[in-house]
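**Student:** First, the structure itself, so that you have it in front of you.
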Amino acid sequence: MVDPDTHGVDWLALTGGRYEPVEHSRLIDASPAQLGAQLDWPTATS
């Protein structure tokens with residue numbers, strides 16, 4: 001999940017029938033922090 005307001009990225013994985021946060025994607029070779037650092041975040045508008 002990507003949150004443009006906080007510039008945060010969270011990976012979730014289905015584990016035991018529930019989605020749980022994980023530190024590394026199974027599909028993309030990156031952590032949430034690594035992906036967040038590579039995104040071109042939009043500027044805040046008022």
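Convention: chains lettered A, B, ... in structure tokens order; per-chain residue numbering from 1; ligands numbered from 1 as shown.
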For segment 25-36 of chain A, list every protein, DNA or RNA residue within 9 Å, evaluated using only C-alpha atoms, and leave out those in the same chain fewer than 5 positions away; present the list as a PyMOL selection string.
**Tutor:** chain A and resi 2+7-13+41
**Student:** So that I have them on file, write out the residues from the current selection with C-alpha atoms, as a compact mmCIF listing (two decimals), in the first residue's frame.
**Tutor:**
```txt
# COMPACT_ATOMS: atom_id res chain seq x y z
CA VAL A 2 1.24 3.46 -0.85
CA HIS A 7 5.07 9.19 1.67
CA GLY A 8 4.85 5.73 3.19
CA VAL A 9 4.90 2.30 1.64
CA ASP A 10 3.75 -0.93 3.30
CA TRP A 11 3.98 -4.44 1.89
CA LEU A 12 1.27 -6.90 2.87
CA ALA A 13 1.32 -10.66 2.34
CA TRP A 41 6.00 11.74 -4.63
```
**Student:** Could you give me, as number ranges by chain, each residue of chain A that DSSP assigns to strand (DSSP E or B) when run on this structure's backbone?
**Tutor:** A: 2-3, 8-9, 11-15, 18-22
**Student:** So which bits of chain A end up helix (DSSP H, G or I) when you DSSP the backbone, as a compact mmCIF listing (two decimals) with N, CA and C atoms, in the first residue's frame?
**Tutor:**
```
# COMPACT_ATOMS: atom_id res chain seq x y z
N PRO A 32 9.91 -1.87 1.69
CA PRO A 32 9.05 -0.69 1.59
C PRO A 32 9.86 0.61 1.58
N ALA A 33 10.89 0.69 2.40
CA ALA A 33 11.71 1.91 2.46
C ALA A 33 12.44 2.13 1.14
N GLN A 34 12.94 1.07 0.52
CA GLN A 34 13.64 1.20 -0.76
C GLN A 34 12.70 1.69 -1.85
N LEU A 35 11.50 1.14 -1.90
CA LEU A 35 10.54 1.57 -2.91
C LEU A 35 10.13 3.02 -2.65
N GLY A 36 9.86 3.37 -1.42
CA GLY A 36 9.47 4.73 -1.08
C GLY A 36 10.51 5.75 -1.49
N ALA A 37 11.78 5.39 -1.35
CA ALA A 37 12.86 6.30 -1.72
C ALA A 37 12.95 6.50 -3.22
N GLN A 38 12.41 5.57 -4.01
CA GLN A 38 12.48 5.66 -5.46
C GLN A 38 11.27 6.33 -6.10
```
